[in-house]
Structures are given as C-alpha cells and as structure tokens.
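Coordinates from start15.cif are shown below (mmCIF, C-alpha atoms and all ligand atoms).
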```cif
data_run
#
loop_
_atom_site.label_atom_id
_atom_site.label_comp_id
_atom_site.auth_asym_id
_atom_site.auth_seq_id
_atom_site.Cartn_x
_atom_site.Cartn_y
_atom_site.Cartn_z
CA MET J 106 54.99 -11.19 19.89
CA PHE J 107 52.43 -10.35 17.26
CA CYS J 108 53.25 -12.98 14.69
CA ASN J 109 55.32 -16.14 14.79
CA GLN J 110 54.48 -18.18 11.69
CA ASN J 111 57.50 -19.97 10.35
CA TYR J 112 56.85 -21.80 7.09
CA LYS J 113 59.50 -23.69 5.22
CA PHE J 114 61.06 -21.46 2.60
CA GLY J 115 64.52 -20.50 1.34
CA VAL J 116 64.41 -22.78 -1.71
CA ILE J 117 64.55 -21.16 -5.14
CA PRO J 118 63.86 -23.60 -7.98
CA LYS J 119 66.32 -23.54 -10.90
CA LYS J 120 66.28 -25.57 -14.14
CA ASP J 121 69.15 -27.75 -13.02
CA GLY J 122 68.67 -27.80 -9.24
CA TYR J 123 67.69 -25.62 -6.31
CA MET J 124 69.34 -22.47 -5.05
CA ILE J 125 69.09 -22.75 -1.27
CA ARG J 126 69.33 -19.61 0.84
CA LEU J 127 70.39 -19.84 4.45
CA ALA J 128 68.74 -17.80 7.21
CA LEU J 129 71.92 -17.08 9.14
CA LYS J 130 72.14 -15.52 12.57
CA PRO J 131 73.73 -12.15 11.84
CA GLY J 132 77.32 -11.21 12.57
CA TYR J 133 79.24 -14.45 12.22
CA ILE J 134 79.01 -18.19 11.65
CA THR J 135 80.92 -20.89 13.51
CA SER J 136 83.62 -23.15 12.05
CA GLU J 137 81.19 -26.12 12.37
CA GLN J 138 78.61 -24.23 10.31
CA LEU J 139 81.27 -23.32 7.76
CA ASP J 140 82.31 -27.00 7.53
CA ALA J 141 78.69 -28.06 6.96
CA ILE J 142 78.21 -25.45 4.22
CA SER J 143 81.48 -26.49 2.60
CA TYR J 144 80.46 -30.18 2.71
CA ILE J 145 77.16 -29.41 0.97
CA ALA J 146 78.82 -27.25 -1.70
CA LYS J 147 81.42 -29.92 -2.42
CA ASN J 148 79.18 -33.00 -2.37
CA PHE J 149 75.73 -31.79 -3.44
CA GLY J 150 76.47 -28.71 -5.51
CA GLU J 151 78.99 -26.95 -7.70
CA ASN J 152 81.70 -26.40 -5.06
CA LYS J 153 80.71 -22.73 -4.97
CA VAL J 154 79.13 -20.63 -2.22
CA HIS J 155 77.60 -17.26 -3.01
CA ILE J 156 77.90 -14.50 -0.38
CA THR J 157 74.83 -12.28 -0.79
CA THR J 158 74.72 -8.51 -0.52
CA ARG J 159 72.89 -8.94 2.81
CA GLN J 160 75.68 -10.96 4.44
CA GLY J 161 73.76 -14.14 3.67
CA ILE J 162 74.80 -17.35 1.96
CA GLU J 163 73.19 -19.23 -0.91
CA LEU J 164 74.36 -22.23 -2.87
CA LYS J 165 73.07 -24.32 -5.71
CA ILE J 166 72.48 -28.03 -5.15
CA LYS J 167 71.03 -30.87 -7.22
CA HIS J 168 67.30 -31.56 -6.75
CA GLU J 169 67.79 -34.95 -5.12
CA HIS J 170 69.96 -33.57 -2.29
CA LEU J 171 67.56 -30.98 -0.86
CA GLU J 172 66.34 -33.03 2.08
CA GLU J 173 69.79 -34.20 3.12
CA ALA J 174 71.31 -30.72 2.75
CA GLU J 175 68.59 -29.25 4.96
CA LYS J 176 69.16 -31.95 7.58
CA ILE J 177 72.92 -31.28 7.68
CA LEU J 178 72.30 -27.53 8.02
CA ASN J 179 69.69 -28.00 10.73
CA GLU J 180 72.16 -30.10 12.73
CA VAL J 181 74.48 -27.07 12.97
CA GLY J 182 71.62 -24.68 13.77
CA ILE J 183 70.99 -23.23 10.31
CA LYS J 184 67.53 -23.01 8.74
CA LEU J 185 66.70 -22.32 5.12
CA GLY J 186 64.99 -18.96 4.61
CA SER J 187 65.32 -15.28 3.78
CA THR J 188 63.17 -15.40 0.64
CA GLY J 189 59.70 -14.13 -0.29
CA ARG J 190 57.39 -11.95 1.78
CA ARG J 191 59.28 -12.43 4.99
CA ILE J 192 61.60 -10.72 7.40
CA ARG J 193 64.89 -11.22 5.57
CA GLN J 194 68.45 -11.84 6.72
CA ILE J 195 69.26 -9.22 9.37
CA VAL J 196 72.42 -7.23 8.58
CA ALA J 197 74.88 -6.07 11.25
CA CYS J 198 78.19 -4.24 11.15
CA ILE J 199 81.28 -5.62 12.94
CA GLY J 200 80.04 -4.01 16.17
CA THR J 201 82.27 -3.87 19.23
CA GLU J 202 85.35 -4.89 17.20
CA CYS J 203 85.18 -1.48 15.50
CA PRO J 204 86.92 1.49 17.17
CA ASN J 205 83.90 3.70 16.39
CA SER J 206 81.37 1.35 17.96
CA ILE J 207 78.85 2.93 20.34
CA GLY J 208 76.80 -0.23 20.89
CA ASP J 209 76.89 -3.96 20.23
CA SER J 210 75.22 -4.15 16.83
CA ILE J 211 75.78 -7.90 16.47
CA LYS J 212 74.15 -8.72 19.84
CA LEU J 213 71.13 -6.58 18.95
CA ALA J 214 70.89 -7.98 15.40
CA ARG J 215 70.94 -11.52 16.81
CA MET J 216 68.16 -10.62 19.28
CA ILE J 217 66.11 -9.28 16.33
CA HIS J 218 66.83 -12.46 14.35
CA ASP J 219 65.66 -14.65 17.23
CA GLU J 220 62.36 -12.74 17.52
CA PHE J 221 61.47 -11.92 13.95
CA GLU J 222 63.50 -13.67 11.26
CA GLY J 223 61.29 -15.42 8.74
CA ILE J 224 57.87 -14.21 9.85
CA TRP J 225 55.33 -13.30 7.19
CA VAL J 226 54.90 -9.64 6.16
CA PRO J 227 53.05 -7.99 3.22
CA LYS J 228 56.35 -7.52 1.28
CA LYS J 229 59.95 -8.41 1.95
CA LEU J 230 61.25 -6.53 4.96
CA LYS J 231 64.91 -5.74 5.58
CA ILE J 232 66.38 -4.74 8.93
CA ASN J 233 69.95 -3.41 9.28
CA VAL J 234 71.80 -2.56 12.49
CA SER J 235 74.78 -0.17 12.71
CA GLY J 236 76.92 0.26 15.81
CA CYS J 237 77.25 4.02 15.20
CA PRO J 238 75.98 6.73 12.83
CA ASN J 239 78.75 5.95 10.33
CA ASN J 240 76.06 3.92 8.56
CA CYS J 241 78.23 0.98 7.49
CA THR J 242 75.10 -1.19 7.08
CA HIS J 243 73.23 1.57 5.17
CA HIS J 244 70.62 1.46 7.91
CA GLN J 245 68.84 4.49 6.50
CA PHE J 246 68.26 2.67 3.21
CA CYS J 247 66.33 -0.37 4.43
CA ASP J 248 62.81 -0.93 5.75
CA ILE J 249 63.77 -0.71 9.43
CA GLY J 250 67.16 0.83 10.23
CA ILE J 251 68.75 0.84 13.64
CA CYS J 252 71.78 2.76 14.88
CA PHE J 253 73.46 3.40 18.22
CA ARG J 254 74.44 7.04 18.86
CA TYR J 255 75.52 9.45 21.55
CA ILE J 256 73.63 12.36 23.04
CA LEU J 257 76.29 14.93 23.89
CA LYS J 258 76.51 18.04 26.02
CA ILE J 259 79.05 20.75 26.77
CA ASP J 260 79.97 20.95 30.43
CA LYS J 261 79.70 24.69 31.06
CA LYS J 262 81.97 24.53 34.11
CA GLU J 263 84.76 22.81 32.21
CA CYS J 264 84.52 24.90 29.03
CA THR J 265 87.26 27.57 29.01
CA ASP J 266 85.94 29.52 26.00
CA CYS J 267 89.09 28.63 24.06
CA GLY J 268 87.17 28.38 20.76
CA LYS J 269 89.00 25.19 19.68
CA CYS J 270 85.70 23.54 18.72
CA ARG J 271 84.65 26.49 16.53
CA GLY J 272 84.21 25.13 13.01
CA PHE J 273 85.23 21.59 14.05
CA CYS J 274 81.84 19.97 13.47
CA GLU J 275 81.15 19.25 9.78
CA ILE J 276 77.45 20.06 10.23
CA ASP J 277 77.92 22.97 12.61
CA ALA J 278 76.23 21.22 15.53
CA ILE J 279 78.44 22.81 18.20
CA ASP J 280 77.18 26.17 19.43
CA TRP J 281 80.39 27.10 21.25
CA LYS J 282 79.24 30.58 22.23
CA ASN J 283 76.14 29.32 24.06
CA LYS J 284 77.91 26.09 25.05
CA VAL J 285 75.28 23.74 23.67
CA ILE J 286 75.24 20.84 21.26
CA LYS J 287 72.50 21.53 18.72
CA GLU J 288 69.67 19.20 17.70
CA ASN J 289 71.22 18.42 14.32
CA CYS J 290 74.10 16.52 16.01
CA ILE J 291 74.20 12.99 14.59
CA GLY J 292 75.85 11.62 17.75
CA MET J 293 78.95 10.01 16.27
CA GLY J 294 81.16 11.59 18.92
CA GLU J 295 84.23 12.75 16.95
CA CYS J 296 84.27 15.94 19.02
CA LEU J 297 84.72 13.91 22.24
CA LYS J 298 88.36 13.46 21.25
CA LEU J 299 88.77 17.21 20.72
CA CYS J 300 87.80 18.56 24.11
CA ASN J 301 87.18 17.22 27.62
CA ALA J 302 84.35 19.70 28.16
CA ILE J 303 82.27 17.82 25.56
CA LYS J 304 80.72 14.86 27.34
CA VAL J 305 78.40 11.93 26.73
CA GLU J 306 75.04 12.65 28.33
CA ASP J 307 73.39 9.47 27.12
CA ARG J 308 73.56 6.64 24.60
CA VAL J 309 70.44 5.93 22.57
CA ILE J 310 69.35 3.59 19.81
CA SER J 311 67.71 5.42 16.90
CA ILE J 312 65.12 3.64 14.79
CA PHE J 313 64.34 4.68 11.20
CA ILE J 314 61.62 3.31 8.95
CA GLY J 315 60.67 3.41 5.29
CA GLY J 316 64.05 3.33 3.62
CA LYS J 317 64.94 1.10 0.69
CA GLY J 318 67.61 0.47 -1.91
CA GLY J 319 66.98 -0.73 -5.44
CA LYS J 320 66.29 1.27 -8.59
CA PHE J 321 64.61 4.10 -6.73
CA PRO J 322 66.32 4.31 -3.34
CA LYS J 323 64.59 6.05 -0.45
CA LYS J 324 66.02 7.33 2.79
CA GLY J 325 64.24 6.11 5.90
CA LYS J 326 62.59 8.55 8.30
CA TRP J 327 63.54 8.86 11.95
CA LEU J 328 60.86 7.22 14.09
CA VAL J 329 62.06 7.19 17.67
CA ASP J 330 65.08 6.97 20.00
CA VAL J 331 65.01 4.28 22.69
CA LYS J 332 67.39 3.38 25.48
CA THR J 333 67.55 -0.41 25.50
CA GLU J 334 67.73 -3.38 23.15
CA ASP J 335 64.48 -4.76 24.61
CA GLU J 336 62.73 -1.53 23.66
CA VAL J 337 63.98 -1.97 20.07
CA ILE J 338 62.30 -5.39 19.98
CA GLU J 339 59.05 -3.81 21.27
CA VAL J 340 59.12 -1.07 18.61
CA ILE J 341 59.81 -3.55 15.79
CA ASP J 342 56.95 -5.70 17.04
CA GLY J 343 54.68 -2.64 16.92
CA ILE J 344 55.80 -1.69 13.40
CA ILE J 345 55.21 -5.24 12.15
CA GLU J 346 51.77 -5.36 13.76
CA LEU J 347 50.72 -2.09 12.10
CA TYR J 348 52.30 -2.94 8.74
CA THR J 349 50.86 -6.45 8.64
CA LYS J 350 47.35 -5.23 9.45
CA PHE J 351 47.24 -2.14 7.25
CA GLY J 352 50.22 -2.11 4.88
CA LYS J 353 50.36 -2.72 1.14
CA GLY J 354 53.64 -2.65 -0.74
CA ARG J 355 56.94 -2.04 1.07
CA ILE J 356 57.09 -0.20 4.39
CA CYS J 357 58.14 2.99 2.52
CA ASP J 358 54.79 2.89 0.64
CA PHE J 359 52.93 2.35 3.91
CA VAL J 360 54.75 5.25 5.62
CA GLU J 361 54.15 7.53 2.62
CA HIS J 362 50.48 6.55 2.52
CA VAL J 363 49.65 7.11 6.20
CA GLY J 364 52.37 9.65 7.08
CA ILE J 365 55.21 9.22 9.57
CA GLU J 366 53.39 11.28 12.24
CA ASN J 367 50.38 8.94 12.08
CA VAL J 368 52.67 5.90 12.34
CA LYS J 369 54.20 7.45 15.49
CA LYS J 370 50.75 8.25 16.85
CA SER J 371 49.46 4.70 16.35
CA LEU J 372 52.56 3.18 17.93
CA LYS J 373 52.19 5.55 20.89
CA GLU J 374 48.50 4.76 21.33
CA LYS J 375 49.28 1.05 21.43
CA GLY J 376 52.13 1.58 23.88
CA PHE J 377 54.97 0.49 21.60
CA ILE J 378 56.86 3.81 21.87
S1 LIG P 401 78.66 1.36 11.69
FE1 LIG P 401 80.10 2.33 13.11
S2 LIG P 401 80.51 0.73 14.61
FE2 LIG P 401 79.68 -0.29 12.83
S3 LIG P 401 81.47 -0.87 11.62
FE3 LIG P 401 80.74 1.11 10.87
S4 LIG P 401 82.00 2.61 11.91
FE4 LIG P 401 82.13 0.71 13.07
S1 LIG P 402 79.08 14.29 17.54
FE1 LIG P 402 79.63 14.80 15.42
S2 LIG P 402 77.79 15.89 14.66
FE2 LIG P 402 77.68 15.89 16.91
S3 LIG P 402 78.62 17.83 17.55
FE3 LIG P 402 80.22 16.24 17.63
S4 LIG P 402 81.24 16.38 15.63
FE4 LIG P 402 79.27 17.44 15.42
#
```

Starting from the coordinates I provided, produce the structure as structure tokens.
Amino acid sequence: MFCNQNYKFGVIPKKDGYMIRLALKPGYITSEQLDAISYIAKNFGENKVHITTRQGIELKIKHEHLEEAEKILNEVGIKLGSTGRRIRQIVACIGTECPNSIGDSIKLARMIHDEFEGIWVPKKLKINVSGCPNNCTHHQFCDIGICFRYILKIDKKECTDCGKCRGFCEIDAIDWKNKVIKENCIGMGECLKLCNAIKVEDRVISIFIGGKGGKFPKKGKWLVDVKTEDEVIEVIDGIIELYTKFGKGRICDFVEHVGIENVKKSLKEKGFI
C-alpha cells in the first residue's frame, strides 16, 4: 500500500455546532450502527440525519458533544471522515440483490474502503462501484469508476443463422453475419436472454478514471479491464501513487495534463496493470 495516513477529520464547524460526517463502509449499515446514529441525533443534535448524495450520513451536533458522539460511533465501528483532500465515501449499487448484477459491487466497494478510505490525496477523490454497465452509481462520472461486465461471444456451432439477433442490440454490437460480438459491446448481457448461441466468454471488471460531476461534468476514460477484485485494489493503489506524486487538481486535470496513454504506460511500467 502506497499511503496509509489516517488523520482525524469529518468535522465541519458551524456557527451553532459541528456537522459530523461519517465514513461508512459502503453498501449497508447494521441496526446497531443505526441505533447509535439515532441516539446521537436525538440526544446531541437536532433529531435529524442527513443522507448525502454519496450514500453517506452527516448530522449536526452541539459543540460540547463531539467527543462523546465520536466515542459512541467508534464503539459500533464507525469513524468520522469523508471530508477534505481525502478518499471520500465509496459508493456502491445494491449489487447481488439486483437481477442485472454481474459482480458483487458491495463486496468490492468494502474492500476498497478497507484499503483506501480516508487517505490523503491532492484533491478529493471519489470512487464508485457498479455491479453492471447500467451505471446506477454513475461510475463514469467520478474520479475512479468501476464496473463489472461480460465479454460475450457467438458460438458458431450453435448459431442457426436465424437472424433473430439482427437489429436487437441498441448499439449494433452484434455482427450476426460474421457471428462475432463487436468491440463496442458494453457487456451488459441483454442479448444472452435472446439466444442460446450468445455466450459469456469471460467476466471482467472495467476501471475508468478522470470522470467528475459538478458544474462541468466530465466522463471518465477507460483505463483497463482486470479479472479479480485484488487486481482492482492493485490498480487503484497505482493510480493513487501516480496522482499523489505528480497530480495537481482533480484526477481529471491530471489525466488531461499527462494524457490517458501516458497514465497507462506509467502504470504498466510499475507493474500495476
Ligand atoms: S449497476 Fe447494475 S447491478 Fe448495480 S443496481 Fe444498477 S442495474 Fe443493478
Ligand atoms: S451485451 Fe448489450 S451491447 Fe453487448 S451485444 Fe449484447 S445487447 Fe449489444
């Protein structure tokens, strides 16, 4: 791991108290954690809990209760965080509970949280994980976006030339005459339900970098496909190492400045991809 600083943060001063932001493990919280949050809101705050756009939680408390609130949260495994120039709350879709799911987005997002949440970076850095290309977490519009997808093929022996798949794919990724799935296939797999001759050849995890939301949204660029969750952790480690050493501004500025091909080249040279 390149960097593992973990300073206390997650406290935003307000005139009449502190807004505390919780660095939650992505995907879900337990009933004990919910009880602790509810206790703090009721006894130290305004009996209100704000759900953030990044699936996080923040709540306002009176100045004098900060220490006790943090202690209660720590007892149920919650740290304060997700503010400033840090790796922010990791976002995940519902994952394997979704009928479209190709991979366990929550498991992967929690692995990423355990490795990277809260470490220092030149600017805030947002990581979103989708279980399929449907993009429910807007993974192409954050600094590092991750998405499970299929690599498909047409089994030439099973294809009967019926032409049923002609025109089925919205982006024309099925070349039914030559019996190939073209490179522009996004790997969602809708066509698997159409015909038994279309088969899953592989399942990969695509990694995008340099996206962002905000006033001037930018779509992230495809960086690499990997096979395993551990490889995702390696690639993120490599991106953070490069960005922390050489980056200024958000990752999109860094990628624009050095060029996506040079980012790939550096990661390859250092053995991250
Ligand atoms: S991204 Fe895919 S797997 Fe995740 S909730 Fe959306 S449709 Fe389901
Ligand atoms: S997975 Fe989706 S994009 Fe790819 S060929 Fe099938 S329908 Fe088209």

May I ask which of the residues J:His218, J:His243, J:Lys212, J:Lys176 is the closest one to ligand LIG 401 (chain P), counting all atoms listed in the file?
J:His243

Assuming 5 Å of padding per side, give the centre and edge lengths of the axis-aligned box around every listed atom of stretch 171-183 of chain J, in Å to one decimal and as JSON.
```
{"center_x": 70.4, "center_y": -28.7, "center_z": 6.5, "size_x": 18.1, "size_y": 21.0, "size_z": 24.6}
```

List as an NGL selection string: which residues have an atom within 6 Å of (71.2, 0.1, 13.6), counting all atoms listed in the file?
:J and (233-235 or 244 or 250-252)

Neighbouring residues of ligand LIG 402 (chain P) are defined here as those with any atom at most 12 Å from a ligand atom, counting all atoms listed in the file; list them as a ChimeraX atom specification.
/J:205,207,237-239,254-259,270-281,284-300,302-306,308

Identify, on the basis of only C-alpha atoms, every residue whose closest approach to J:Val226 does not exceed 12 Å; exclude the query and any residue fewer than 3 positions from it along the same chain; express the result as a PyMOL selection string.
chain J and resi 107-111+188-193+221-223+229-231+248+342+344-356

Output C-alpha atoms of each residue in that selection to a file, as a short mmCIF file (atom, residue, chain, number, x, y, z; two decimals), keeping the file's coordinate frame.
```cif
data_model
loop_
_atom_site.label_atom_id
_atom_site.label_comp_id
_atom_site.auth_asym_id
_atom_site.auth_seq_id
_atom_site.Cartn_x
_atom_site.Cartn_y
_atom_site.Cartn_z
CA PHE J 107 52.43 -10.35 17.26
CA CYS J 108 53.25 -12.98 14.69
CA ASN J 109 55.32 -16.14 14.79
CA GLN J 110 54.48 -18.18 11.69
CA ASN J 111 57.50 -19.97 10.35
CA THR J 188 63.17 -15.40 0.64
CA GLY J 189 59.70 -14.13 -0.29
CA ARG J 190 57.39 -11.95 1.78
CA ARG J 191 59.28 -12.43 4.99
CA ILE J 192 61.60 -10.72 7.40
CA ARG J 193 64.89 -11.22 5.57
CA PHE J 221 61.47 -11.92 13.95
CA GLU J 222 63.50 -13.67 11.26
CA GLY J 223 61.29 -15.42 8.74
CA LYS J 229 59.95 -8.41 1.95
CA LEU J 230 61.25 -6.53 4.96
CA LYS J 231 64.91 -5.74 5.58
CA ASP J 248 62.81 -0.93 5.75
CA ASP J 342 56.95 -5.70 17.04
CA ILE J 344 55.80 -1.69 13.40
CA ILE J 345 55.21 -5.24 12.15
CA GLU J 346 51.77 -5.36 13.76
CA LEU J 347 50.72 -2.09 12.10
CA TYR J 348 52.30 -2.94 8.74
CA THR J 349 50.86 -6.45 8.64
CA LYS J 350 47.35 -5.23 9.45
CA PHE J 351 47.24 -2.14 7.25
CA GLY J 352 50.22 -2.11 4.88
CA LYS J 353 50.36 -2.72 1.14
CA GLY J 354 53.64 -2.65 -0.74
CA ARG J 355 56.94 -2.04 1.07
CA ILE J 356 57.09 -0.20 4.39
#
```

Residue with smallest distance to J:Gly182 - pool J:His168, J:Lys153, J:Lys228, J:Lys130, counting all atoms listed in the file
J:Lys130

Give me the residues within 12 Å of J:Glu180 as number ranges by chain, counting only C-alpha atoms and dropping any in the same chain fewer than 6 places off.
J: 137-138, 140-142, 173-174

Neighbour list for J:Ile166 as a JSON list (two decimals) with C-alpha atoms, in the frame of the given file, cut-off 9 Å, all atoms listed in the file, skip fewer than 2 positions in-chain:
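Contents of out13.json, as written:
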```
[["chain", "number", "residue", "atom", "x", "y", "z"],
["J", 121, "ASP", "CA", 69.15, -27.75, -13.02],
["J", 122, "GLY", "CA", 68.67, -27.80, -9.24],
["J", 123, "TYR", "CA", 67.69, -25.62, -6.31],
["J", 124, "MET", "CA", 69.34, -22.47, -5.05],
["J", 125, "ILE", "CA", 69.09, -22.75, -1.27],
["J", 145, "ILE", "CA", 77.16, -29.41, 0.97],
["J", 146, "ALA", "CA", 78.82, -27.25, -1.70],
["J", 148, "ASN", "CA", 79.18, -33.00, -2.37],
["J", 149, "PHE", "CA", 75.73, -31.79, -3.44],
["J", 150, "GLY", "CA", 76.47, -28.71, -5.51],
["J", 151, "GLU", "CA", 78.99, -26.95, -7.70],
["J", 164, "LEU", "CA", 74.36, -22.23, -2.87],
["J", 168, "HIS", "CA", 67.30, -31.56, -6.75],
["J", 169, "GLU", "CA", 67.79, -34.95, -5.12],
["J", 170, "HIS", "CA", 69.96, -33.57, -2.29],
["J", 171, "LEU", "CA", 67.56, -30.98, -0.86],
["J", 174, "ALA", "CA", 71.31, -30.72, 2.75]]
```

Which protein, DNA or RNA residues have an atom at most 7 Å from (78.0, -2.1, 14.0), counting only C-alpha atoms? List them as a list of chain:residue names.
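The answer, in the requested form, is J:Ala197, J:Cys198, J:Ile199, J:Gly200, J:Thr201, J:Ser206, J:Asp209, J:Ser210, J:Ile211, J:Val234, J:Ser235, J:Gly236, J:Cys237.
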
Just write the chosen residues, C-alpha atoms, as a PDB file, keeping the file's coordinate frame.
```pdb
ATOM      1  CA  ALA J 197      74.880  -6.070  11.250  1.00  0.00           C
ATOM      2  CA  CYS J 198      78.190  -4.240  11.150  1.00  0.00           C
ATOM      3  CA  ILE J 199      81.280  -5.620  12.940  1.00  0.00           C
ATOM      4  CA  GLY J 200      80.040  -4.010  16.170  1.00  0.00           C
ATOM      5  CA  THR J 201      82.270  -3.870  19.230  1.00  0.00           C
ATOM      6  CA  SER J 206      81.370   1.350  17.960  1.00  0.00           C
ATOM      7  CA  ASP J 209      76.890  -3.960  20.230  1.00  0.00           C
ATOM      8  CA  SER J 210      75.220  -4.150  16.830  1.00  0.00           C
ATOM      9  CA  ILE J 211      75.780  -7.900  16.470  1.00  0.00           C
ATOM     10  CA  VAL J 234      71.800  -2.560  12.490  1.00  0.00           C
ATOM     11  CA  SER J 235      74.780  -0.170  12.710  1.00  0.00           C
ATOM     12  CA  GLY J 236      76.920   0.260  15.810  1.00  0.00           C
ATOM     13  CA  CYS J 237      77.250   4.020  15.200  1.00  0.00           C
TER      14      CYS J 237
END
```

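If all atoms listed in the file are the atoms counted, then among J:Asp266, J:Asp358, J:Glu202, J:Glu334 the closest residue to ligand LIG 401 (chain P) is J:Glu202.
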
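Across the model, the gap from atom CA of J:Gly318 to atom CA of J:Asp219 is 24.5 Å.
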
Serialized stretch 229-251 of chain J w/ N, CA and C atoms as a CSV table (one decimal), in the first residue's frame:
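Below you can see out.csv, which holds the result:
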```
chain,number,residue,atom,x,y,z
J,229,LYS,N,-10.0,16.1,-3.4
J,229,LYS,CA,-11.0,15.0,-3.0
J,229,LYS,C,-11.1,14.0,-4.2
J,230,LEU,N,-11.2,12.7,-3.8
J,230,LEU,CA,-11.2,11.6,-4.8
J,230,LEU,C,-12.4,10.7,-4.5
J,231,LYS,N,-13.2,10.5,-5.5
J,231,LYS,CA,-14.4,9.8,-5.4
J,231,LYS,C,-14.4,8.5,-6.2
J,232,ILE,N,-14.7,7.4,-5.5
J,232,ILE,CA,-14.7,6.1,-6.2
J,232,ILE,C,-16.1,5.4,-6.1
J,233,ASN,N,-16.6,5.1,-7.3
J,233,ASN,CA,-18.0,4.4,-7.3
J,233,ASN,C,-17.9,3.1,-8.0
J,234,VAL,N,-18.7,2.1,-7.5
J,234,VAL,CA,-18.6,0.8,-8.0
J,234,VAL,C,-20.0,0.3,-8.4
J,235,SER,N,-20.2,-0.1,-9.7
J,235,SER,CA,-21.4,-0.6,-10.2
J,235,SER,C,-21.3,-2.1,-10.5
J,236,GLY,N,-22.4,-2.8,-10.2
J,236,GLY,CA,-22.4,-4.2,-10.5
J,236,GLY,C,-22.6,-4.6,-11.9
J,237,CYS,N,-22.9,-3.7,-12.8
J,237,CYS,CA,-23.0,-3.9,-14.2
J,237,CYS,C,-23.0,-2.6,-15.0
J,238,PRO,N,-22.9,-2.7,-16.3
J,238,PRO,CA,-22.8,-1.4,-17.0
J,238,PRO,C,-24.0,-0.5,-17.0
J,239,ASN,N,-25.0,-0.8,-16.3
J,239,ASN,CA,-26.2,0.0,-16.2
J,239,ASN,C,-25.9,1.4,-15.5
J,240,ASN,N,-24.7,1.4,-14.8
J,240,ASN,CA,-24.2,2.7,-14.4
J,240,ASN,C,-25.0,3.3,-13.2
J,241,CYS,N,-25.7,2.5,-12.4
J,241,CYS,CA,-26.5,3.1,-11.3
J,241,CYS,C,-25.7,4.0,-10.4
J,242,THR,N,-24.4,3.8,-10.3
J,242,THR,CA,-23.7,4.6,-9.4
J,242,THR,C,-23.0,5.8,-10.1
J,243,HIS,N,-23.3,5.9,-11.4
J,243,HIS,CA,-22.7,7.0,-12.3
J,243,HIS,C,-21.1,6.8,-12.2
J,244,HIS,N,-20.7,5.5,-12.4
J,244,HIS,CA,-19.3,5.3,-12.2
J,244,HIS,C,-18.4,6.0,-13.2
J,245,GLN,N,-19.0,6.4,-14.4
J,245,GLN,CA,-18.2,7.1,-15.4
J,245,GLN,C,-18.1,8.6,-15.1
J,246,PHE,N,-18.8,9.0,-14.0
J,246,PHE,CA,-18.7,10.5,-13.6
J,246,PHE,C,-18.2,10.7,-12.2
J,247,CYS,N,-17.1,9.9,-11.9
J,247,CYS,CA,-16.4,10.1,-10.7
J,247,CYS,C,-14.9,9.9,-11.0
J,248,ASP,N,-14.0,10.1,-10.0
J,248,ASP,CA,-12.6,10.1,-10.3
J,248,ASP,C,-12.1,8.7,-10.7
J,249,ILE,N,-12.6,7.7,-9.9
J,249,ILE,CA,-12.2,6.3,-10.3
J,249,ILE,C,-13.6,5.6,-10.3
J,250,GLY,N,-13.9,5.1,-11.5
J,250,GLY,CA,-15.2,4.3,-11.7
J,250,GLY,C,-14.9,2.9,-12.0
J,251,ILE,N,-15.7,2.0,-11.4
J,251,ILE,CA,-15.5,0.6,-11.5
J,251,ILE,C,-16.8,-0.1,-11.9
```
